[in-house]
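> Please read through the structure below; I'll follow up with questions.
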Amino acid sequence: MSDNDGKKTLGLRGGSRSGNVKQSFSHGRTKNVVVETKRKRVVVPKAGAAGGAKGSGGGSHGGSGKRPAGITEAEMERRLRALQAAKAREAEEAAQREAEEKARAEERERLRAEKEQKEREQREAEERAKAKAEEEARKAREAAEAAEAAKKAEAAPKKAAAKDESAAPARAAGAPAAKPAAQPQRKADREREERGRSARGRDDGARRSGKLTLNQALGGEGGRQKSMAAMKRKQERARQKAMGGSQQREKVVRDVQLPEAITVAELANRMAERVADVVKSLMNNGIMATQNQSIDADTAELIIEEFGHRVTRVSDADVEDVIKIEEDKPEDLQGRPPVITIMGHVDHGKTSLLDAIRNANVTSGEAGGITQHIGAYQVTTDSGAVLSFLDTPGHAAFTSMRSRGAQVTDIVVLVVAADDAVMPQTVEAISHAKAAGVPMIVAINKIDKPEANPTKVRTDLLQHEVVVEEMSGDVQDVEVSAKSGKGLDALLEAIALQAEILELKANPNRAAEGAVIEAKLDVGRGPVATVLVQNGTLKQGDVFVVGEQYGKVRALINDKGERVKEAGPSVPVEVLGLNGTPEAGDVLNVTETEAQAREIAEYRAQVTKDKRAAAGAATTLEQLMQKAKDDENVSELPVIVKADVQGSAEAIVQALEKVGNDEVRVRVIHSGVGAITETDIGLAEASGCPVIGFNVRANAPARNGANQKGVEIRYYSVIYDLVDDVKAAASGLLSNEIREHFIGYAEIKEVFKVSNVGKVAGCLVTEGVARRSAGVRLLRDNVVIHEGTLKTLKRFKDEVPEVQSGQECGMAFENYDDIRPQDVIEIFEREEVERKL
């Protein structure tokens with residue numbers, strides 16, 4: 001039997017060359033295979049075909065080139081037909097576009113003609129009304145003239161009779177002539193009086209008809225009555241008609257500010273049109289909307305143009321344009337006190353130094369002796385100079401507070417302890433001062449201590465590019481002691497000198513602008529913000545916006561607790577009258593009206609909400625899946641934080657967010673300012689988390705709710721303790737670390753089969769000890785083959801707990817039999833170690 005069995009060989013048509021190839025297989029088998037190769041066909045067009053193609057192309061293509069090589073006549077014809085169809089389609093589309101453009105032009109022309117016709121009719125109506133009014137005025141004037149002439153005619157004969165009796169024939173001749181002229185005039189006067197009386201009678205009846213009588217109310221007769229406004233309009237029309245016709249009121253064209261979205265009622269209000277007319281206009285345009293529904297800017301623009309008003313498009317961000325930042329004229333500027341921020345490492349004596357300057361005791365009022373708020377104070381020196389001081393915390397958690405203090409200040413006093421030198425927060429304070437671009441004065445504190453070394457402080461500062469005057473630099477340095485008061489006068493002189501060099505000025509006669517140093521929620525006074533006024537004068541009764549909050553100044557309280565009427569530049573005051581607690585660092589601006597302030601605050605709140613939503617949202621499905629996968633392996637410790645002031649809450653949240661690693665993290669569900677309330681307890685119960693109070697306490701309902709619901713409330717007054725406790729709680733979520741201790745090695749010498757046991761390895765313990773309770777690994781060529789536990793450990797025929805080095809024993813693995821001679825058994829013990837963050 002042949003390979004092709006008499007069948008025709010499967011090959012390629014035209015120009016193929018065949019050949020045999022012998023294939024070889026294993027075991028001496030071979031097979032002949034017919035292989036055909038095909039030569040590449042080169043198509044050479046015929047002379048007649050090329051001419052025909054050229055002729056056809058010339059008919060339709062306008063003399064195109066000769067047909068490309070390798071393309072048949074039928075293919076060429078199909079291409080030409082497709083080209084002709086495309087051209088025809090293009091011509092048809094062009095004609096259609098031209099027709100549409102023509103129709104649009106006709107529609108525009110028609111609308112313009114209609115508008116012109118309407119304006120023409122309106123002008124004609126105005127002219128007719130004007131002509132009618134002039135005609136009536138002319139008739140009234142002629143009637144008045146005729147009446148005047150008649151009176152003169154009556155008076156003339158009497159005078160003539162008194163003068164001369166001989167003129168009687170003339171009077172007799174003249175009287176009949178005057179009488180006919182006076183009679184029509186008197187008749188006209190009587191008709192006018194009758195018309196007036198009848199009109200008064202009708203008006204009185206109409207006015208009375210609009211009043212509801214007791215009989216009508218009880219009997220229900222009369223149906224719907226006209227309103228008083230309608231009656232007044234009717235009276236006004238009648239009065240205008242009696243005075244010579246109604247004059248058409250001129251249309252008032254207004255500039256309407258149009259935001260991106262607006263309600264129908266607000267649109268009607270801005271146009272000074274009736275809401276019903278605006279709704280009717282919307283219906284005519286195919287939009288069904290009530291007065292409380294919002295419409296987009298394009299639709300509103302169409303309606304405004306229909307009513308004949310002008311449109312001014314504004315964006316949502318334009319609401320902030322009412323806060324005008326104007327350059328003050330040089331002649332308006334007046335000198336202002338300098339703002340000095342005291343910065344440095346924790347426990348280097350910043351607040352004690354300020355105490356010594358103020359002759360007060362602030363440190364005793366701070367928990368743990370460390371400052372946890374930004375304090376703002378004003379001090380008057382012996383020379384009469386007024387200085388505004390800001391005292392910032394030195395703890396690492398209060399980085400943002402120090403940054404905020406450096407941004408609103410004019411001079412930074414860097415406090416460095418002479419016995420401690422430059423520390424991490426000292427370096428950070430230097431960075432903040434340099435970033436803010438403010439001059440620095442170094443106060444070397446605790447100079448009275450025996451171990452004080454001011455030279456080391458100056459040398460350490462050189463590493464951070466702070467060169468003091470004693471080291472031939474330009475930074476002033478003063479050695480002081482807050483305890484003994486040494487060097488305080490020199491420090492105040494240095495501050496005064498620096499302030500004089502800066503030539504600090506501001507314009508007090510303008511709308512106030514300031515920065516929020518601190519904010520808190522007071523039980524008796526509501527939201528309170530400590531504001532440092534930077535420009536202008538803040539007065540009682542001013543309307544202001546600060547961040548996402550707004551309000552009206554209800555009271556101003558200075559740093560001594562006294563109420564003041566106003567606060568000028570560089571004066572720190574507590575402001576009462578906010579609608580909510582602002583963020584520390586927000587800018588306060590005074591506005592003209594409360595509506596403007598509310599609009600700006602709402603816009604800022606919406607922007608913040610949108611940003612927060614955009615930041616927390618996963619944009620793609622892959623990101624969502626990845627986030628869920630990442631969170632699956634991370635344990636979370638949720639907490640709720642309530643603090644006394646905004647800056648402390650911000651610092652605590654930032655410190656807690658740094659606690660944790662890849663396995664555990666702290667999540668602050670909610671942070672706020674003020675006492676712990678029932679709402680916080682309800683949120684804590686739903687989230688299963690504790691409530692942390694920093695310098696605040698829970699009110700009575702919150703305490704009762706926490707006891708009933710089993711919610712833990714933890715109180716703190718020092719940020720160190722708070723962070724340490726949360727870190728310890730988060731450490732409890734970490735899984736224990738497993739550590740292995742290798743206790744011995746054994747080598748398998750022989751393998752035996754034992755009934756009811758399986759394979760047993762005869763081993764020699766080569767190192768350490770073999771224990772029954774330990775874990776084992778089987779190594780073959782230093783590769784781990786199996787890891788498990790021992791089923792049995794025997795010495796001779798006895799089961800033993802352990803076997804020492806150099807002794808032989810028998811071992812059998814739990815659920816594993818693949819053991820061979822020369823394998824090594826590794827014996828180890830596991831130990832769990834508790835981990836900490």
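Residues in the structure tokens are numbered from 1 in each chain, the chains being A, B, ... in the order shown, and ligands are numbered from 1 in the order shown.
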Write out as a tab-separated table (two decimals) with C-alpha atoms, in the first residue's frame which residues come within 10 Å of Val379 in chain A when counting only C-alpha atoms, dropping same-chain ones fewer than 4 positions away.


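Written output follows (out_13.tsv):
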```
chain	number	residue	atom	x	y	z
A	354	LEU	CA	7.72	84.22	78.60
A	357	ILE	CA	8.79	88.61	80.67
A	358	ARG	CA	5.08	88.79	81.52
A	359	ASN	CA	5.57	88.43	85.30
A	384	GLY	CA	6.67	101.58	76.70
A	385	ALA	CA	7.09	99.34	73.65
A	386	VAL	CA	4.22	96.90	73.00
A	387	LEU	CA	5.18	93.34	71.97
A	388	SER	CA	2.88	90.51	70.87
A	389	PHE	CA	4.19	87.06	71.87
A	559	ASP	CA	-5.12	88.17	76.64
```

> If we count only C-alpha atoms and set the cut-off at 8 Å, which residues sit around Ala418 in chain A, ignoring sequence neighbours fewer than 4 positions away in its own chain? Please answer as a list in words.

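Contacts, with the query itself left out: Ile444, Asn445, Lys446, Ile447, Glu451, Ala452, Asn453, Pro454, Lys456 and Val457 of chain A.
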
> Name the residues in contact with Val278 in chain A at a cut-off of 10 Å, using only C-alpha atoms, excluding same-chain residues fewer than 6 positions from it; report them as a tab-separated table (two decimals) with all heavy atoms, in the first residue's frame.


```tsv
chain	number	residue	atom	x	y	z
A	264	VAL	N	-35.25	78.44	40.28
A	264	VAL	CA	-36.16	79.28	39.50
A	264	VAL	C	-36.56	80.52	40.32
A	264	VAL	O	-36.60	81.64	39.80
A	264	VAL	CB	-37.41	78.47	39.09
A	264	VAL	CG1	-38.42	79.35	38.38
A	264	VAL	CG2	-37.00	77.31	38.19
A	265	ALA	N	-36.82	80.32	41.62
A	265	ALA	CA	-37.22	81.44	42.47
A	265	ALA	C	-36.10	82.48	42.57
A	265	ALA	O	-36.34	83.69	42.50
A	265	ALA	CB	-37.60	80.94	43.86
A	267	LEU	N	-33.71	82.97	40.37
A	267	LEU	CA	-33.59	83.61	39.07
A	267	LEU	C	-34.62	84.73	38.90
A	267	LEU	O	-34.30	85.83	38.44
A	267	LEU	CB	-33.75	82.56	37.97
A	267	LEU	CG	-33.69	83.08	36.53
A	267	LEU	CD1	-32.33	83.68	36.24
A	267	LEU	CD2	-33.99	81.95	35.54
A	268	ALA	N	-35.88	84.45	39.29
A	268	ALA	CA	-36.93	85.46	39.21
A	268	ALA	C	-36.60	86.65	40.12
A	268	ALA	O	-36.81	87.81	39.75
A	268	ALA	CB	-38.27	84.85	39.60
A	271	MET	N	-33.96	88.86	38.52
A	271	MET	CA	-34.48	89.63	37.38
A	271	MET	C	-35.55	90.62	37.81
A	271	MET	O	-35.99	91.43	37.00
A	271	MET	CB	-35.07	88.68	36.33
A	271	MET	CG	-34.07	87.81	35.61
A	271	MET	SD	-34.79	87.00	34.17
A	271	MET	CE	-36.04	85.97	34.93
A	284	ASN	N	-42.97	77.30	28.15
A	284	ASN	CA	-42.99	77.59	26.71
A	284	ASN	C	-41.77	77.02	26.00
A	284	ASN	O	-41.82	76.72	24.81
A	284	ASN	CB	-43.06	79.10	26.48
A	284	ASN	CG	-44.40	79.67	26.91
A	284	ASN	OD1	-45.40	78.95	27.00
A	284	ASN	ND2	-44.44	80.98	27.19
A	289	ALA	N	-40.63	72.98	35.42
A	289	ALA	CA	-39.86	73.18	36.65
A	289	ALA	C	-40.67	74.02	37.62
A	289	ALA	O	-41.37	74.96	37.21
A	289	ALA	CB	-38.52	73.87	36.36
A	290	THR	N	-40.57	73.66	38.91
A	290	THR	CA	-41.22	74.46	39.95
A	290	THR	C	-40.23	75.52	40.44
A	290	THR	O	-39.06	75.52	40.05
A	290	THR	CB	-41.65	73.57	41.13
A	290	THR	OG1	-40.47	72.99	41.71
A	290	THR	CG2	-42.57	72.45	40.68
A	291	GLN	N	-40.71	76.40	41.32
A	291	GLN	CA	-39.86	77.52	41.74
A	291	GLN	C	-38.68	77.07	42.59
A	291	GLN	O	-37.69	77.78	42.69
A	291	GLN	CB	-40.70	78.54	42.50
A	291	GLN	CG	-41.29	78.01	43.80
A	291	GLN	CD	-42.02	79.11	44.55
A	291	GLN	OE1	-41.99	80.27	44.14
A	291	GLN	NE2	-42.67	78.76	45.64
A	300	ALA	N	-31.02	79.06	32.04
A	300	ALA	CA	-31.29	80.33	32.72
A	300	ALA	C	-30.91	81.51	31.84
A	300	ALA	O	-31.61	82.54	31.81
A	300	ALA	CB	-30.53	80.38	34.04
A	303	ILE	N	-33.68	82.20	29.38
A	303	ILE	CA	-34.84	82.86	30.01
A	303	ILE	C	-34.53	84.34	30.27
A	303	ILE	O	-35.37	85.21	30.03
A	303	ILE	CB	-35.19	82.14	31.33
A	303	ILE	CG1	-35.55	80.66	31.06
A	303	ILE	CG2	-36.35	82.83	32.04
A	303	ILE	CD1	-36.69	80.46	30.11
A	304	ILE	N	-33.32	84.63	30.74
A	304	ILE	CA	-32.95	86.02	31.03
A	304	ILE	C	-33.01	86.86	29.76
A	304	ILE	O	-33.51	87.99	29.77
A	304	ILE	CB	-31.54	86.07	31.67
A	304	ILE	CG1	-31.57	85.44	33.06
A	304	ILE	CG2	-31.03	87.50	31.76
A	304	ILE	CD1	-30.21	85.17	33.64
A	306	GLU	N	-34.85	86.26	27.15
A	306	GLU	CA	-36.25	86.41	26.77
A	306	GLU	C	-36.91	87.57	27.51
A	306	GLU	O	-37.74	88.27	26.95
A	306	GLU	CB	-37.02	85.10	27.06
A	306	GLU	CG	-36.92	84.09	25.94
A	306	GLU	CD	-37.91	82.95	26.13
A	306	GLU	OE1	-38.83	83.11	26.95
A	306	GLU	OE2	-37.74	81.92	25.47
A	307	PHE	N	-36.53	87.75	28.77
A	307	PHE	CA	-37.11	88.84	29.55
A	307	PHE	C	-36.42	90.18	29.27
A	307	PHE	O	-36.79	91.19	29.86
A	307	PHE	CB	-37.03	88.52	31.04
A	307	PHE	CG	-38.13	87.61	31.51
A	307	PHE	CD1	-37.97	86.24	31.54
A	307	PHE	CD2	-39.35	88.15	31.92
A	307	PHE	CE1	-38.99	85.42	31.96
A	307	PHE	CE2	-40.37	87.32	32.34
A	307	PHE	CZ	-40.20	85.95	32.36
```

> As an exercise, work out the distance from CA of Pro569 in chain A to CA of Ile441 in chain A in Å and give it to one decimal place.

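Atom-to-atom, CA of Pro569 in chain A and CA of Ile441 in chain A are spaced 22.6 Å apart.
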
> When you count only C-alpha atoms, which of these residues is closest to Thr537 in chain A: A:Val553, A:Val408, A:Ala567, A:Leu576?

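Among A:Val553, A:Val408, A:Ala567, A:Leu576, it is A:Ala567 that comes nearest to Thr537 in chain A.
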
> Residues of range 465-671 of chain A classed as strand (DSSP E) by DSSP on the backbone are to be reported as a PyMOL selection string.

chain A and resi 476-479+505-506+513-522+526-535+538-539+543-546+549-557+563-564+566-567+572-578+587-591+635-643+664-671

> What gap, in Å, lies between CA of Glu142 in chain A and CA of Ala238 in chain A?

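Distance between the two atoms: 22.9 Å.
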
> Using only C-alpha atoms for the distances, tell me which of A:Gln626, A:Ala684, A:Ala376, A:Lys22 is nearest to Asn558 in chain A.

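Of A:Gln626, A:Ala684, A:Ala376, A:Lys22, the one nearest Asn558 in chain A is A:Ala376, counting only C-alpha atoms.
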
> Give me, as a VMD selection string, all polymer residues having an atom no more than 9 Å from Ala494 in chain A, counting only C-alpha atoms and skipping those fewer than 2 positions away in the same chain.

chain A and resid 441 476 to 478 489 to 492 496 to 499

> Based on the selection just made, write N, CA and C atoms of those residues as an mmCIF file, in the first residue's frame.


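For reference, again_10.cif as written:
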```cif
data_model
loop_
_atom_site.group_PDB
_atom_site.id
_atom_site.type_symbol
_atom_site.label_atom_id
_atom_site.label_comp_id
_atom_site.auth_asym_id
_atom_site.auth_seq_id
_atom_site.Cartn_x
_atom_site.Cartn_y
_atom_site.Cartn_z
ATOM 1 N N ILE A 441 16.343 85.414 66.647
ATOM 2 C CA ILE A 441 17.170 85.805 67.788
ATOM 3 C C ILE A 441 17.339 84.566 68.658
ATOM 4 N N GLN A 476 21.498 87.617 66.228
ATOM 5 C CA GLN A 476 21.705 88.072 67.607
ATOM 6 C C GLN A 476 21.550 86.896 68.578
ATOM 7 N N ASP A 477 22.399 86.841 69.592
ATOM 8 C CA ASP A 477 22.277 85.817 70.627
ATOM 9 C C ASP A 477 22.377 86.487 71.999
ATOM 10 N N VAL A 478 21.504 86.041 72.903
ATOM 11 C CA VAL A 478 21.442 86.622 74.246
ATOM 12 C C VAL A 478 21.441 85.480 75.255
ATOM 13 N N ASP A 489 16.396 91.948 80.043
ATOM 14 C CA ASP A 489 16.435 93.300 79.466
ATOM 15 C C ASP A 489 17.184 93.300 78.144
ATOM 16 N N ALA A 490 18.293 92.555 78.102
ATOM 17 C CA ALA A 490 19.075 92.477 76.859
ATOM 18 C C ALA A 490 18.258 91.814 75.743
ATOM 19 N N LEU A 491 17.464 90.798 76.121
ATOM 20 C CA LEU A 491 16.627 90.118 75.132
ATOM 21 C C LEU A 491 15.563 91.072 74.573
ATOM 22 N N LEU A 492 14.914 91.844 75.450
ATOM 23 C CA LEU A 492 13.895 92.795 75.003
ATOM 24 C C LEU A 492 14.514 93.890 74.135
ATOM 25 N N ALA A 496 13.481 94.729 70.317
ATOM 26 C CA ALA A 496 13.116 96.085 69.906
ATOM 27 C C ALA A 496 13.989 96.554 68.745
ATOM 28 N N LEU A 497 15.303 96.236 68.805
ATOM 29 C CA LEU A 497 16.219 96.620 67.735
ATOM 30 C C LEU A 497 15.841 95.945 66.425
ATOM 31 N N GLN A 498 15.530 94.657 66.503
ATOM 32 C CA GLN A 498 15.147 93.911 65.296
ATOM 33 C C GLN A 498 13.844 94.451 64.712
ATOM 34 N N ALA A 499 12.881 94.797 65.595
ATOM 35 C CA ALA A 499 11.599 95.340 65.129
ATOM 36 C C ALA A 499 11.794 96.697 64.467
#
```

> Counting only C-alpha atoms, which residue out of A:Asp586, A:Glu799, A:Glu479, A:Glu712 sits closest to Glu513 in chain A?

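Counting only C-alpha atoms, the residue closest to Glu513 in chain A is A:Asp586.
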
> By how many Å are CA of Phe828 in chain A and CA of Phe742 in chain A apart?

4.2 Å
